$ cat coords35.txt   # compact mmCIF, C-alpha atoms and all ligand atoms
# COMPACT_ATOMS: atom_id res chain seq x y z
CA MET A 1 131.06 159.90 104.67
CA ILE A 2 132.94 158.97 107.83
CA GLN A 3 136.26 160.77 107.88
CA HIS A 4 139.18 159.19 109.73
CA GLU A 5 141.91 161.43 111.09
CA GLU A 6 144.78 159.71 109.40
CA THR A 7 143.91 160.35 105.78
CA SER A 8 143.31 163.39 103.72
CA GLN A 9 140.55 164.05 101.24
CA HIS A 10 143.14 164.17 98.49
CA THR A 11 144.95 160.89 98.99
CA SER A 12 144.83 158.64 95.94
CA LEU A 13 145.24 154.89 95.93
CA ALA A 14 145.58 152.32 93.16
CA LEU A 15 144.57 148.77 93.95
CA PHE A 16 145.58 146.09 91.45
CA CYS A 17 143.52 142.91 91.40
CA LYS A 18 144.18 139.87 89.25
CA VAL A 19 141.32 137.43 89.34
CA VAL A 20 143.05 134.07 89.77
CA ASP A 21 139.78 132.19 90.02
CA ASN A 22 136.34 132.43 91.60
CA TYR A 23 135.20 135.61 93.35
CA GLY A 24 137.46 136.03 96.38
CA ASP A 25 140.16 138.15 94.76
CA ILE A 26 137.75 140.70 93.37
CA GLY A 27 135.41 140.25 96.36
CA ILE A 28 138.11 141.38 98.78
CA CYS A 29 139.40 144.16 96.53
CA TRP A 30 135.92 145.53 95.83
CA ARG A 31 135.13 145.59 99.53
CA LEU A 32 138.45 147.28 100.35
CA ALA A 33 138.10 149.83 97.54
CA ARG A 34 134.60 150.88 98.62
CA GLN A 35 135.58 151.15 102.23
CA LEU A 36 138.69 153.24 101.53
CA GLN A 37 136.60 155.60 99.47
CA ARG A 38 133.59 155.80 101.78
CA GLU A 39 135.26 155.84 105.17
CA HIS A 40 138.54 157.58 104.40
CA GLY A 41 137.64 159.85 101.49
CA ILE A 42 140.36 158.36 99.32
CA HIS A 43 140.21 158.49 95.55
CA VAL A 44 140.49 154.79 94.69
CA GLN A 45 141.35 153.34 91.31
CA LEU A 46 140.55 149.65 91.26
CA TRP A 47 142.45 147.95 88.43
CA VAL A 48 140.82 144.61 87.53
CA ASP A 49 141.75 142.20 84.77
CA ASP A 50 138.45 140.28 84.72
CA LEU A 51 135.34 142.46 84.65
CA ALA A 52 133.04 139.49 84.00
CA SER A 53 133.81 137.87 87.37
CA PHE A 54 133.47 141.27 88.99
CA GLN A 55 130.04 141.72 87.42
CA ARG A 56 128.67 138.69 89.28
CA ILE A 57 129.10 140.36 92.67
CA CYS A 58 128.53 143.89 91.32
CA PRO A 59 125.63 143.51 88.88
CA GLY A 60 125.64 147.15 87.62
CA LEU A 61 129.10 146.85 86.11
CA THR A 62 129.62 147.33 82.35
CA LEU A 63 131.99 144.94 80.58
CA GLU A 64 134.80 145.93 78.26
CA ILE A 65 135.06 149.62 79.04
CA ASP A 66 138.31 151.16 80.17
CA ARG A 67 136.97 153.27 83.04
CA GLN A 68 133.74 153.55 84.96
CA PHE A 69 132.66 154.69 88.41
CA LYS A 70 130.73 152.48 90.86
CA ALA A 71 130.13 153.51 94.49
CA GLU A 72 132.48 156.43 93.73
CA VAL A 73 135.32 154.01 93.04
CA GLU A 74 137.06 154.41 89.67
CA ILE A 75 137.10 150.98 88.12
CA CYS A 76 139.82 150.56 85.51
CA TRP A 77 140.11 147.65 83.16
CA TRP A 78 143.56 146.11 83.51
CA LYS A 79 143.56 144.84 79.96
CA ASN A 80 147.17 143.72 79.74
CA GLN A 81 150.67 144.30 81.04
CA GLU A 82 151.50 146.65 78.16
CA LEU A 83 149.46 149.55 79.57
CA GLU A 84 151.55 152.73 79.66
CA PHE A 85 151.78 155.09 82.64
CA THR A 86 153.51 158.39 83.40
CA PRO A 87 154.52 159.65 86.88
CA SER A 88 151.56 162.06 86.96
CA GLU A 89 149.18 159.07 86.87
CA ILE A 90 150.71 157.30 89.88
CA ALA A 91 148.68 157.12 93.09
CA ASP A 92 150.00 158.04 96.57
CA ILE A 93 149.45 154.48 97.77
CA VAL A 94 149.74 151.43 95.50
CA ILE A 95 148.45 148.02 96.53
CA GLU A 96 149.06 144.86 94.62
CA PHE A 97 146.72 142.19 95.85
CA PHE A 98 148.18 138.74 96.37
CA ALA A 99 151.51 139.53 94.73
CA CYS A 100 149.93 140.15 91.34
CA ASP A 101 152.44 141.49 88.84
CA ILE A 102 151.55 145.11 88.25
CA PRO A 103 152.34 146.55 84.79
CA PRO A 104 156.10 147.22 84.35
CA SER A 105 155.39 150.73 83.10
CA TYR A 106 153.50 151.48 86.34
CA ILE A 107 156.55 150.39 88.38
CA THR A 108 158.92 152.49 86.27
CA ALA A 109 156.64 155.51 86.62
CA MET A 110 156.48 154.95 90.41
CA SER A 111 160.27 155.16 90.57
CA GLN A 112 160.23 158.41 88.59
CA CYS A 113 157.81 160.22 90.94
CA SER A 114 159.38 163.08 92.90
CA GLU A 115 157.50 161.78 95.95
CA ARG A 116 157.44 158.00 95.60
CA PRO A 117 154.24 156.17 96.46
CA VAL A 118 153.90 153.81 99.40
CA TRP A 119 153.77 150.35 97.85
CA PHE A 120 152.11 147.34 99.47
CA ASN A 121 151.68 143.70 98.70
CA LEU A 122 148.43 142.75 100.43
CA GLU A 123 148.62 139.05 101.21
CA GLY A 124 146.04 136.31 101.81
CA LEU A 125 144.55 135.47 105.19
CA THR A 126 145.89 132.66 107.32
CA ALA A 127 145.97 132.04 111.07
CA GLU A 128 149.45 130.47 110.83
CA GLU A 129 152.01 132.02 113.15
CA TRP A 130 154.67 132.75 110.53
CA VAL A 131 152.69 135.71 109.15
CA GLU A 132 153.45 137.65 112.32
CA GLY A 133 157.13 137.63 111.37
CA CYS A 134 156.45 138.73 107.79
CA HIS A 135 153.78 141.36 108.37
CA ARG A 136 155.14 144.85 107.56
CA LEU A 137 158.45 143.51 106.19
CA PRO A 138 160.07 145.68 103.49
CA SER A 139 161.43 144.32 100.23
CA SER A 140 163.66 146.50 98.07
CA HIS A 141 163.25 146.51 94.32
CA PRO A 142 166.31 144.84 92.72
CA ARG A 143 166.98 147.73 90.32
CA LEU A 144 164.82 150.74 91.12
CA PRO A 145 164.71 153.01 94.19
CA LEU A 146 161.48 151.49 95.44
CA THR A 147 160.46 149.49 98.51
CA LYS A 148 157.46 147.25 98.75
CA TYR A 149 155.94 146.35 102.14
CA PHE A 150 154.15 143.12 102.98
CA PHE A 151 150.82 143.51 104.68
CA PHE A 152 149.12 140.43 106.12
CA PRO A 153 145.54 140.22 107.33
CA GLY A 154 145.20 138.13 110.45
CA PHE A 155 143.57 137.30 113.72
CA ASN A 156 145.71 139.15 116.25
CA GLU A 157 147.35 142.52 116.87
CA ARG A 158 150.66 141.34 115.38
CA THR A 159 148.96 141.25 111.95
CA GLY A 160 146.92 143.69 109.88
CA GLY A 161 143.61 142.45 111.33
CA LEU A 162 140.45 141.74 109.36
CA MET A 163 138.45 144.05 107.15
CA PHE A 164 135.23 145.38 108.65
CA GLU A 165 133.30 148.47 107.71
CA ALA A 166 132.59 151.09 110.38
CA GLU A 167 128.84 150.67 109.92
CA LEU A 168 128.79 146.88 109.55
CA GLU A 169 127.71 145.96 113.07
CA ASN A 170 125.01 148.65 113.17
CA GLN A 171 123.70 147.53 109.80
CA ARG A 172 123.58 143.91 110.95
CA LEU A 173 121.79 144.77 114.18
CA ALA A 174 119.29 147.03 112.39
CA PHE A 175 118.55 144.29 109.85
CA LEU A 176 117.99 141.66 112.53
CA ALA A 177 115.87 144.00 114.65
CA ASN A 178 113.52 144.63 111.74
CA SER A 179 111.72 141.33 111.22
CA GLU A 180 109.71 142.73 108.30
CA LEU A 181 112.93 143.65 106.47
CA LYS A 182 114.49 140.28 107.21
CA ASN A 183 111.38 138.34 106.18
CA ASP A 184 111.01 140.37 102.98
CA PHE A 185 114.63 139.65 102.16
CA LEU A 186 114.07 135.91 102.62
CA LYS A 187 110.78 135.95 100.72
CA ASN A 188 112.53 137.67 97.83
CA LEU A 189 114.91 134.73 97.74
CA GLY A 190 111.89 132.44 97.42
CA LEU A 191 111.00 131.36 100.95
CA ASP A 192 107.32 130.91 101.80
CA GLU A 193 105.76 132.25 105.00
CA ALA A 194 106.02 128.77 106.57
CA ASP A 195 109.74 128.52 105.70
CA LEU A 196 110.64 131.66 107.63
CA SER A 197 110.72 129.94 111.01
CA THR A 198 112.56 126.87 109.72
CA PHE A 199 116.25 126.36 110.60
CA LYS A 200 117.97 128.11 107.69
CA VAL A 201 121.35 127.10 106.32
CA SER A 202 123.26 128.86 103.54
CA LEU A 203 125.60 126.91 101.30
CA PHE A 204 128.71 128.29 99.61
CA CYS A 205 131.47 125.74 99.03
CA TYR A 206 133.81 124.36 96.38
CA PRO A 207 132.50 121.64 94.06
CA HIS A 208 134.40 118.85 95.86
CA ALA A 209 132.64 119.39 99.23
CA PRO A 210 130.77 116.31 100.52
CA VAL A 211 127.43 117.99 99.88
CA ALA A 212 125.56 114.70 99.28
CA SER A 213 126.47 113.49 102.80
CA LEU A 214 125.23 116.76 104.24
CA LEU A 215 121.97 116.55 102.25
CA ASP A 216 121.40 113.01 103.50
CA ALA A 217 121.85 114.23 107.06
CA LEU A 218 119.53 117.21 106.60
CA ILE A 219 116.85 114.96 105.13
CA ALA A 220 117.11 112.47 107.97
CA THR A 221 117.54 114.84 110.86
CA GLU A 222 114.55 115.56 113.10
CA ARG A 223 114.71 119.32 112.81
CA PRO A 224 113.39 120.55 109.42
CA THR A 225 115.98 122.55 107.47
CA PHE A 226 115.76 125.10 104.68
CA LEU A 227 118.93 125.16 102.57
CA LEU A 228 119.65 128.36 100.64
CA VAL A 229 121.97 127.94 97.67
CA PRO A 230 123.20 130.68 95.35
CA GLU A 231 123.07 129.54 91.72
CA GLY A 232 126.12 127.59 90.55
CA VAL A 233 127.20 126.45 94.03
CA ALA A 234 127.59 122.66 94.22
CA SER A 235 125.29 122.44 91.18
CA ALA A 236 126.67 119.13 89.86
CA THR A 237 126.15 117.41 93.23
CA LEU A 238 122.71 118.93 93.74
CA ASN A 239 121.60 117.90 90.25
CA SER A 240 122.77 114.34 90.63
CA PHE A 241 121.32 114.12 94.14
CA PHE A 242 117.86 115.24 93.02
CA GLY A 243 118.10 113.41 89.70
CA ARG A 244 117.54 116.38 87.41
CA GLU A 245 118.88 119.80 86.57
CA LEU A 246 117.75 122.26 89.20
CA LYS A 247 117.14 125.78 87.99
CA SER A 248 117.57 129.08 89.73
CA GLY A 249 114.22 130.02 91.28
CA GLU A 250 113.30 126.42 92.13
CA THR A 251 112.53 124.90 95.51
CA VAL A 252 112.84 121.14 95.96
CA SER A 253 111.81 119.14 99.02
CA ARG A 254 112.81 115.75 100.35
CA GLY A 255 112.22 114.44 103.86
CA ASN A 256 112.80 117.19 106.36
CA LEU A 257 114.74 119.27 103.86
CA ARG A 258 113.75 122.04 101.46
CA VAL A 259 116.33 123.48 99.08
CA ARG A 260 116.07 126.78 97.25
CA ILE A 261 118.36 127.87 94.40
CA PHE A 262 118.43 131.60 93.66
CA PRO A 263 120.57 133.95 91.56
CA PHE A 264 124.03 134.83 92.87
CA LEU A 265 123.66 137.84 95.17
CA ALA A 266 125.26 141.27 95.10
CA GLN A 267 127.93 141.45 97.79
CA ASP A 268 125.90 143.42 100.34
CA ASP A 269 122.97 141.02 99.96
CA TYR A 270 125.28 138.11 100.58
CA ASP A 271 126.02 139.65 103.98
CA ARG A 272 122.26 139.82 104.65
CA LEU A 273 121.97 136.16 103.73
CA LEU A 274 124.66 135.27 106.28
CA TRP A 275 122.90 137.35 108.94
CA ALA A 276 119.47 135.87 108.19
CA CYS A 277 120.53 132.22 108.35
CA ASP A 278 121.02 130.04 111.43
CA PHE A 279 124.08 128.30 110.05
CA ASN A 280 126.41 129.17 107.17
CA PHE A 281 128.70 127.11 105.01
CA VAL A 282 131.30 129.52 103.62
CA ARG A 283 134.57 129.19 101.72
CA GLY A 284 137.77 130.87 100.51
CA GLU A 285 138.63 134.08 102.32
CA ASP A 286 136.03 136.81 102.06
CA SER A 287 132.86 134.84 102.83
CA PHE A 288 134.84 133.15 105.63
CA VAL A 289 135.53 136.54 107.21
CA ARG A 290 131.98 137.78 106.62
CA ALA A 291 130.64 134.68 108.38
CA GLN A 292 132.64 135.69 111.44
CA TRP A 293 131.16 139.19 111.43
CA ALA A 294 127.70 137.64 110.96
CA GLN A 295 128.15 135.98 114.36
CA ILE A 296 126.31 132.87 113.29
CA PRO A 297 127.82 129.37 113.60
CA PHE A 298 129.57 128.38 110.39
CA VAL A 299 131.77 125.81 108.74
CA TRP A 300 134.60 126.90 106.47
CA HIS A 301 135.43 125.14 103.23
CA ILE A 302 139.04 126.11 102.75
CA TYR A 303 140.51 126.80 99.30
CA PRO A 304 142.41 123.63 98.31
CA GLN A 305 146.17 123.84 97.91
CA ASP A 306 148.92 121.48 96.80
CA ASP A 307 150.29 118.98 99.32
CA ASN A 308 147.26 119.58 101.55
CA LEU A 309 148.75 122.84 102.76
CA HIS A 310 145.19 123.99 103.35
CA HIS A 311 144.73 121.35 106.05
CA LYS A 312 147.51 123.04 108.00
CA LYS A 313 145.78 126.37 107.56
CA LEU A 314 142.46 124.92 108.64
CA ARG A 315 144.01 123.47 111.80
CA ALA A 316 145.75 126.78 112.52
CA PHE A 317 142.44 128.59 112.35
CA LEU A 318 140.49 126.04 114.37
CA SER A 319 143.12 126.10 117.10
CA THR A 320 142.63 129.84 117.57
CA TYR A 321 138.86 129.97 116.95
CA THR A 322 137.29 130.07 120.42
CA PRO A 323 133.66 129.17 119.49
CA ILE A 324 134.85 125.73 118.36
CA ASN A 325 133.55 122.60 120.06
CA ASP A 326 134.13 118.91 119.31
CA ALA A 327 131.12 118.56 117.04
CA LEU A 328 131.90 121.70 115.02
CA ARG A 329 135.54 120.66 114.71
CA ASP A 330 134.54 117.21 113.48
CA LEU A 331 132.14 118.74 110.98
CA SER A 332 134.87 121.14 109.78
CA PHE A 333 137.29 118.24 109.34
CA ALA A 334 134.69 116.08 107.61
CA TRP A 335 133.62 118.95 105.30
CA ASN A 336 137.25 119.50 104.32
CA GLU A 337 137.94 115.78 103.98
CA VAL A 338 140.56 115.80 106.74
CA MET A 339 138.65 112.93 108.33
CA GLN A 340 135.90 110.51 107.41
CA VAL A 341 132.58 110.52 109.22
CA SER A 342 130.34 107.47 109.23
CA ASP A 343 127.21 109.07 110.69
CA TRP A 344 126.62 112.57 109.31
CA THR A 345 123.12 112.74 110.80
CA ALA A 346 124.44 112.18 114.31
CA LEU A 347 127.22 114.70 113.75
CA TRP A 348 124.86 117.36 112.37
CA THR A 349 122.49 116.75 115.28
CA LYS A 350 125.34 117.30 117.74
CA VAL A 351 126.30 120.53 115.98
CA THR A 352 122.78 121.89 116.03
CA ASP A 353 122.21 120.79 119.63
CA GLN A 354 124.98 123.19 120.61
CA HIS A 355 123.81 125.91 118.29
CA LEU A 356 122.71 128.45 120.86
CA GLN A 357 125.87 128.19 122.91
CA THR A 358 128.07 128.38 119.80
CA GLN A 359 126.18 131.42 118.59
CA LEU A 360 126.86 133.24 121.86
CA GLN A 361 130.54 132.40 121.54
CA THR A 362 130.66 133.74 117.97
CA GLN A 363 129.55 137.12 119.34
CA GLU A 364 132.44 137.19 121.78
CA TRP A 365 134.83 136.10 119.01
CA ALA A 366 133.72 139.00 116.79
CA ARG A 367 134.05 141.44 119.70
CA GLN A 368 137.61 140.25 120.33
CA LYS A 369 138.60 140.41 116.67
CA ARG A 370 137.26 143.95 116.30
CA LYS A 371 139.77 144.99 118.96
CA ASN A 372 142.60 144.36 116.45
CA GLY A 373 141.21 147.20 114.37
CA ASP A 374 139.94 147.21 110.84
CA LEU A 375 142.42 146.12 108.16
CA SER A 376 141.87 149.20 105.95
CA ALA A 377 142.49 151.64 108.79
CA ASN A 378 145.52 149.61 109.94
CA LEU A 379 146.93 149.68 106.43
CA LEU A 380 146.48 153.45 106.11
CA ARG A 381 148.11 154.00 109.49
CA PHE A 382 151.10 151.97 108.36
CA ALA A 383 151.25 153.93 105.07
CA LYS A 384 151.38 157.13 107.07
CA GLU A 385 154.25 155.77 109.23
CA ILE A 386 156.23 154.81 106.11
CA LYS A 387 155.62 158.23 104.59
CA GLN A 388 156.74 160.01 107.74
CA LYS A 389 159.91 157.92 107.97
CA SER A 390 160.84 158.59 104.36
CA ALA A 391 160.13 162.36 104.60
C1 LIG B 401 127.76 133.19 97.25
C2 LIG B 401 128.05 134.65 97.01
C3 LIG B 401 129.29 135.18 97.27
N1 LIG B 401 129.51 136.50 97.06
C4 LIG B 401 130.84 137.08 97.31
C5 LIG B 401 131.32 137.04 98.73
C6 LIG B 401 132.83 137.14 98.51
O1 LIG B 401 133.18 138.50 98.37
C7 LIG B 401 133.04 136.41 97.19
C8 LIG B 401 133.54 135.00 97.40
O2 LIG B 401 134.86 135.02 97.83
P1 LIG B 401 135.46 133.97 98.82
O3 LIG B 401 134.52 133.75 99.89
O4 LIG B 401 136.82 134.43 99.20
O5 LIG B 401 135.54 132.58 98.01
P2 LIG B 401 136.06 132.22 96.53
O6 LIG B 401 136.38 130.81 96.50
O7 LIG B 401 135.05 132.67 95.53
O8 LIG B 401 137.33 133.05 96.33
C9 LIG B 401 138.69 132.87 96.59
O9 LIG B 401 139.21 132.28 97.63
C10 LIG B 401 140.54 132.73 97.88
C11 LIG B 401 141.06 132.09 99.11
C12 LIG B 401 141.42 132.49 96.69
O10 LIG B 401 142.61 133.10 96.89
C13 LIG B 401 140.84 133.10 95.48
O11 LIG B 401 141.62 132.81 94.36
C14 LIG B 401 139.43 132.69 95.31
O12 LIG B 401 139.33 131.36 94.92
O13 LIG B 401 131.79 136.37 96.54
C15 LIG B 401 128.52 137.34 96.60
O14 LIG B 401 128.75 138.55 96.46
N2 LIG B 401 127.30 136.79 96.32
C16 LIG B 401 127.01 135.48 96.50
O15 LIG B 401 125.87 135.05 96.22
$ encode --input "coords35.txt" --output "structure tokens"
Amino acid sequence: MIQHEETSQHTSLALFCKVVDNYGDIGICWRLARQLQREHGIHVQLWVDDLASFQRICPGLTLEIDRQFKAEVEICWWKNQELEFTPSEIADIVIEFFACDIPPSYITAMSQCSERPVWFNLEGLTAEEWVEGCHRLPSSHPRLPLTKYFFFPGFNERTGGLMFEAELENQRLAFLANSELKNDFLKNLGLDEADLSTFKVSLFCYPHAPVASLLDALIATERPTFLLVPEGVASATLNSFFGRELKSGETVSRGNLRVRIFPFLAQDDYDRLLWACDFNFVRGEDSFVRAQWAQIPFVWHIYPQDDNLHHKKLRAFLSTYTPINDALRDLSFAWNEVMQVSDWTALWTKVTDQHLQTQLQTQEWARQKRKNGDLSANLLRFAKEIKQKSA
């Protein structure tokens, strides 16, 4: 265990996660919970309302039990809002993820603690400037003697930074330096010996992504491509494109393209997939951040929002993202339907022509972002400041 100076072995933390949809909510919370436990020695209770979604990225999880331990994190089933709590059960630090409504009894019990917990609302990631004004803002409870603080992840030092584990970069480098390990990983996903040297692309996107246009381009393009697709991703489009239902464990070929569908990966293996590929299509929030730590060129499929708010967020990110070039920007806009592209093959060719240069720039980007510090450590440092001020 790596012990950081700012926390004690005995700190406890409750992290409340409501799964709104997909895997990002629990993906981020599971990552944060493990890191707080492993790197800071904190006793973490992860309260989750949807254990079935959680099970997809954490295959060892048991459904429908109240409490279980995984990776030394106490996983608690947040069955409903009627759960009852007493002050003795309240953690030192309480995090509600994405403004989820934590059980009323938990809030009442927090207010009754002789030493009140530090309470955070951990918000979603955006590169928009307004977060800098809201990061660390307090909000007083309307009735109870409690204050909640907003904590925003982000891309500069005026935000909470991005989450990265202390060992992440070493693990990535060790994986890439060991070609046997990397090849075995890819073979386990179903690649043949001959596929290993092919340009590898991973695909994780929302169902409305223009996957058929991409497939057409990959088939037509001169450079052979191997597309790696976790089961369930873009399945309707893939099935209609290939004219039948593709099953997990199948490889299909057309033109210069081979496509492999494989079971959804455990979260750490998904990182390995991003490291092992030459280009990654990612989405939402967590895979988007992991693609940046993978230091491989990527395109982000942003989570759709009403009134095309997500287009604003996409532009905000692309305007700060230094590895961007015209071709990658056009592909990002086309992938997110901000603009129409008539010749996907030409666009993809332009993107891959600049692959090496982009890849080098992604390394510099990751180096710069690491300077903002890791989100978990930044959050704990802030918790300590709050505690000291209120003492
Ligand atoms: C493809 C794949 C992903 N994963 C993990 C990586 C991430 O932790 C998680 C996916 O989360 P994301 O990338 O964030 O995409 P996402 O779309 O699944 O999640 C979210 O996006 C947010 C913006 C929204 O707020 C959420 O409500 C949610 O929709 O699943 C695996 O563990 N194995 C896999 O095979």
$ residues_around --input "coords35.txt" --residues "region 317-328 of chain A" --least-positions-apart "2" --cutoff "10 Å" --atoms "all atoms listed in the file" --output "ChimeraX atom specification"
/A:126-128,155-156,297-300,311-315,330-334,346-355,357-365
$ atom_distance --input "coords35.txt" --atom1 "CA of Trp78 (chain A)" --atom2 "CA of Asp101 (chain A)"
11.3 Å
$ residues_near_ligand --input "coords35.txt" --ligand "ligand LIG 401 (chain B)" --cutoff "8 Å" --atoms "only C-alpha atoms and all ligand atoms" --output "PyMOL selection string"
chain A and resi 19-28+30-31+56-58+98+124-125+203-206+229-231+233+263-271+282-290+302-303
$ residues_around --input "coords35.txt" --residues "Phe262 (chain A)" --least-positions-apart "5" --cutoff "12 Å" --atoms "only C-alpha atoms" --output "list of chain:residue names"
A:Leu186, A:Lys187, A:Asn188, A:Leu189, A:Gly190, A:Leu191, A:Ser202, A:Leu203, A:Leu227, A:Leu228, A:Val229, A:Pro230, A:Glu231, A:Gly232, A:Val233, A:Ser235, A:Leu246, A:Lys247, A:Ser248, A:Gly249, A:Glu250, A:Thr251, A:Tyr270, A:Leu273
$ residues_around --input "coords35.txt" --residues "region 368-376 of chain A" --least-positions-apart "3" --cutoff "9 Å" --atoms "only C-alpha atoms" --output "NGL selection string"
:A and (32 or 35-36 or 153-166 or 363-365 or 379-381)
$ atom_distance --input "coords35.txt" --atom1 "CA of Gln295 (chain A)" --atom2 "CA of Arg329 (chain A)"
17.0 Å
$ closest_residue --input "coords35.txt" --among "A:Leu176, A:Ile42, A:Ile90, A:Leu218" --to "Cys277 (chain A)" --atoms "all atoms listed in the file"
A:Leu176
$ atom_distance --input "coords35.txt" --atom1 "CA of Leu274 (chain A)" --atom2 "CA of Asp343 (chain A)"
26.7 Å
$ axis_aligned_box --input "coords35.txt" --around "region 68-82 of chain A" --padding-each-side "4 Å" --output "lines of an AutoDock Vina configuration file"
center_x = 140.8
center_y = 150.1
center_z = 86.3
size_x = 29.4
size_y = 20.7
size_z = 24.3
$ residues_around --input "coords35.txt" --residues "Val73 (chain A)" --least-positions-apart "5" --cutoff "8 Å" --atoms "all atoms listed in the file" --output "PDB file with C-alpha atoms, keeping the file's coordinate frame"
ATOM      1  CA  ALA A  33     138.100 149.830  97.540  1.00  0.00           C
ATOM      2  CA  ARG A  34     134.600 150.880  98.620  1.00  0.00           C
ATOM      3  CA  GLN A  37     136.600 155.600  99.470  1.00  0.00           C
ATOM      4  CA  HIS A  43     140.210 158.490  95.550  1.00  0.00           C
ATOM      5  CA  VAL A  44     140.490 154.790  94.690  1.00  0.00           C
ATOM      6  CA  GLN A  45     141.350 153.340  91.310  1.00  0.00           C
ATOM      7  CA  LEU A  46     140.550 149.650  91.260  1.00  0.00           C
TER       8      LEU A  46
END
$ closest_residue --input "coords35.txt" --among "A:Glu385, A:Glu169, A:Asp92, A:Asp184" --to "His10 (chain A)" --atoms "all atoms listed in the file"
A:Asp92
$ residues_around --input "coords35.txt" --residues "Arg172 (chain A)" --least-positions-apart "3" --cutoff "8 Å" --atoms "all atoms listed in the file" --output "PyMOL selection string"
chain A and resi 168-169+175-176+272+275+294
$ write_last_selection --input "coords35.txt" --atoms "C-alpha atoms" --output "PDB file, keeping the file's coordinate frame"
ATOM      1  CA  LEU A 168     128.790 146.880 109.550  1.00  0.00           C
ATOM      2  CA  GLU A 169     127.710 145.960 113.070  1.00  0.00           C
ATOM      3  CA  PHE A 175     118.550 144.290 109.850  1.00  0.00           C
ATOM      4  CA  LEU A 176     117.990 141.660 112.530  1.00  0.00           C
ATOM      5  CA  ARG A 272     122.260 139.820 104.650  1.00  0.00           C
ATOM      6  CA  TRP A 275     122.900 137.350 108.940  1.00  0.00           C
ATOM      7  CA  ALA A 294     127.700 137.640 110.960  1.00  0.00           C
TER       8      ALA A 294
END
$ residues_near_point --input "coords35.txt" --point "(162.4, 156.0, 84.7)" --cutoff "12 Å" --atoms "only C-alpha atoms" --output "VMD selection string"
chain A and resid 85 to 87 104 to 114 143 to 146
$ residues_near_point --input "coords35.txt" --point "(145.4, 153.8, 95.1)" --cutoff "6 Å" --atoms "only C-alpha atoms" --output "PyMOL selection string"
chain A and resi 12-15+44-45+91+93-94
$ closest_residue --input "coords35.txt" --among "A:Glu74, A:Glu82, A:Glu337, A:Asp50" --to "Pro210 (chain A)" --atoms "all atoms listed in the file"
A:Glu337
$ closest_residue --input "coords35.txt" --among "A:Ala366, A:Ala383, A:Ser140, A:Ile95" --to "Leu122 (chain A)" --atoms "all atoms listed in the file"
A:Ile95
$ decode --input "coords35.txt" --residues "region 353-364 of chain A" --atoms "N, CA and C atoms" --output "PDB file, in the first residue's frame"
ATOM      1  N   ASP A 353      -2.435   9.072 -41.175  1.00  0.00           N
ATOM      2  CA  ASP A 353      -1.163   9.590 -41.700  1.00  0.00           C
ATOM      3  C   ASP A 353      -0.413  10.392 -40.627  1.00  0.00           C
ATOM      4  N   GLN A 354      -1.188  11.001 -39.740  1.00  0.00           N
ATOM      5  CA  GLN A 354      -0.551  11.847 -38.708  1.00  0.00           C
ATOM      6  C   GLN A 354      -0.436  11.121 -37.376  1.00  0.00           C
ATOM      7  N   HIS A 355      -0.601   9.806 -37.449  1.00  0.00           N
ATOM      8  CA  HIS A 355      -0.709   9.030 -36.222  1.00  0.00           C
ATOM      9  C   HIS A 355       0.504   9.164 -35.303  1.00  0.00           C
ATOM     10  N   LEU A 356       1.671   9.034 -35.897  1.00  0.00           N
ATOM     11  CA  LEU A 356       2.897   9.037 -35.091  1.00  0.00           C
ATOM     12  C   LEU A 356       3.078  10.370 -34.368  1.00  0.00           C
ATOM     13  N   GLN A 357       2.876  11.426 -35.123  1.00  0.00           N
ATOM     14  CA  GLN A 357       3.033  12.763 -34.548  1.00  0.00           C
ATOM     15  C   GLN A 357       1.990  12.999 -33.436  1.00  0.00           C
ATOM     16  N   THR A 358       0.753  12.585 -33.701  1.00  0.00           N
ATOM     17  CA  THR A 358      -0.301  12.759 -32.688  1.00  0.00           C
ATOM     18  C   THR A 358       0.057  11.983 -31.430  1.00  0.00           C
ATOM     19  N   GLN A 359       0.537  10.771 -31.646  1.00  0.00           N
ATOM     20  CA  GLN A 359       0.870   9.919 -30.487  1.00  0.00           C
ATOM     21  C   GLN A 359       1.918  10.607 -29.599  1.00  0.00           C
ATOM     22  N   LEU A 360       2.919  11.201 -30.221  1.00  0.00           N
ATOM     23  CA  LEU A 360       3.948  11.898 -29.440  1.00  0.00           C
ATOM     24  C   LEU A 360       3.317  13.049 -28.650  1.00  0.00           C
ATOM     25  N   GLN A 361       2.378  13.725 -29.283  1.00  0.00           N
ATOM     26  CA  GLN A 361       1.735  14.856 -28.596  1.00  0.00           C
ATOM     27  C   GLN A 361       0.848  14.390 -27.438  1.00  0.00           C
ATOM     28  N   THR A 362       0.284  13.189 -27.575  1.00  0.00           N
ATOM     29  CA  THR A 362      -0.561  12.678 -26.475  1.00  0.00           C
ATOM     30  C   THR A 362       0.296  12.417 -25.230  1.00  0.00           C
ATOM     31  N   GLN A 363       1.562  12.075 -25.451  1.00  0.00           N
ATOM     32  CA  GLN A 363       2.460  11.830 -24.306  1.00  0.00           C
ATOM     33  C   GLN A 363       2.712  13.135 -23.545  1.00  0.00           C
ATOM     34  N   GLU A 364       2.927  14.181 -24.300  1.00  0.00           N
ATOM     35  CA  GLU A 364       3.166  15.483 -23.682  1.00  0.00           C
ATOM     36  C   GLU A 364       1.894  15.964 -22.955  1.00  0.00           C
TER      37      GLU A 364
END
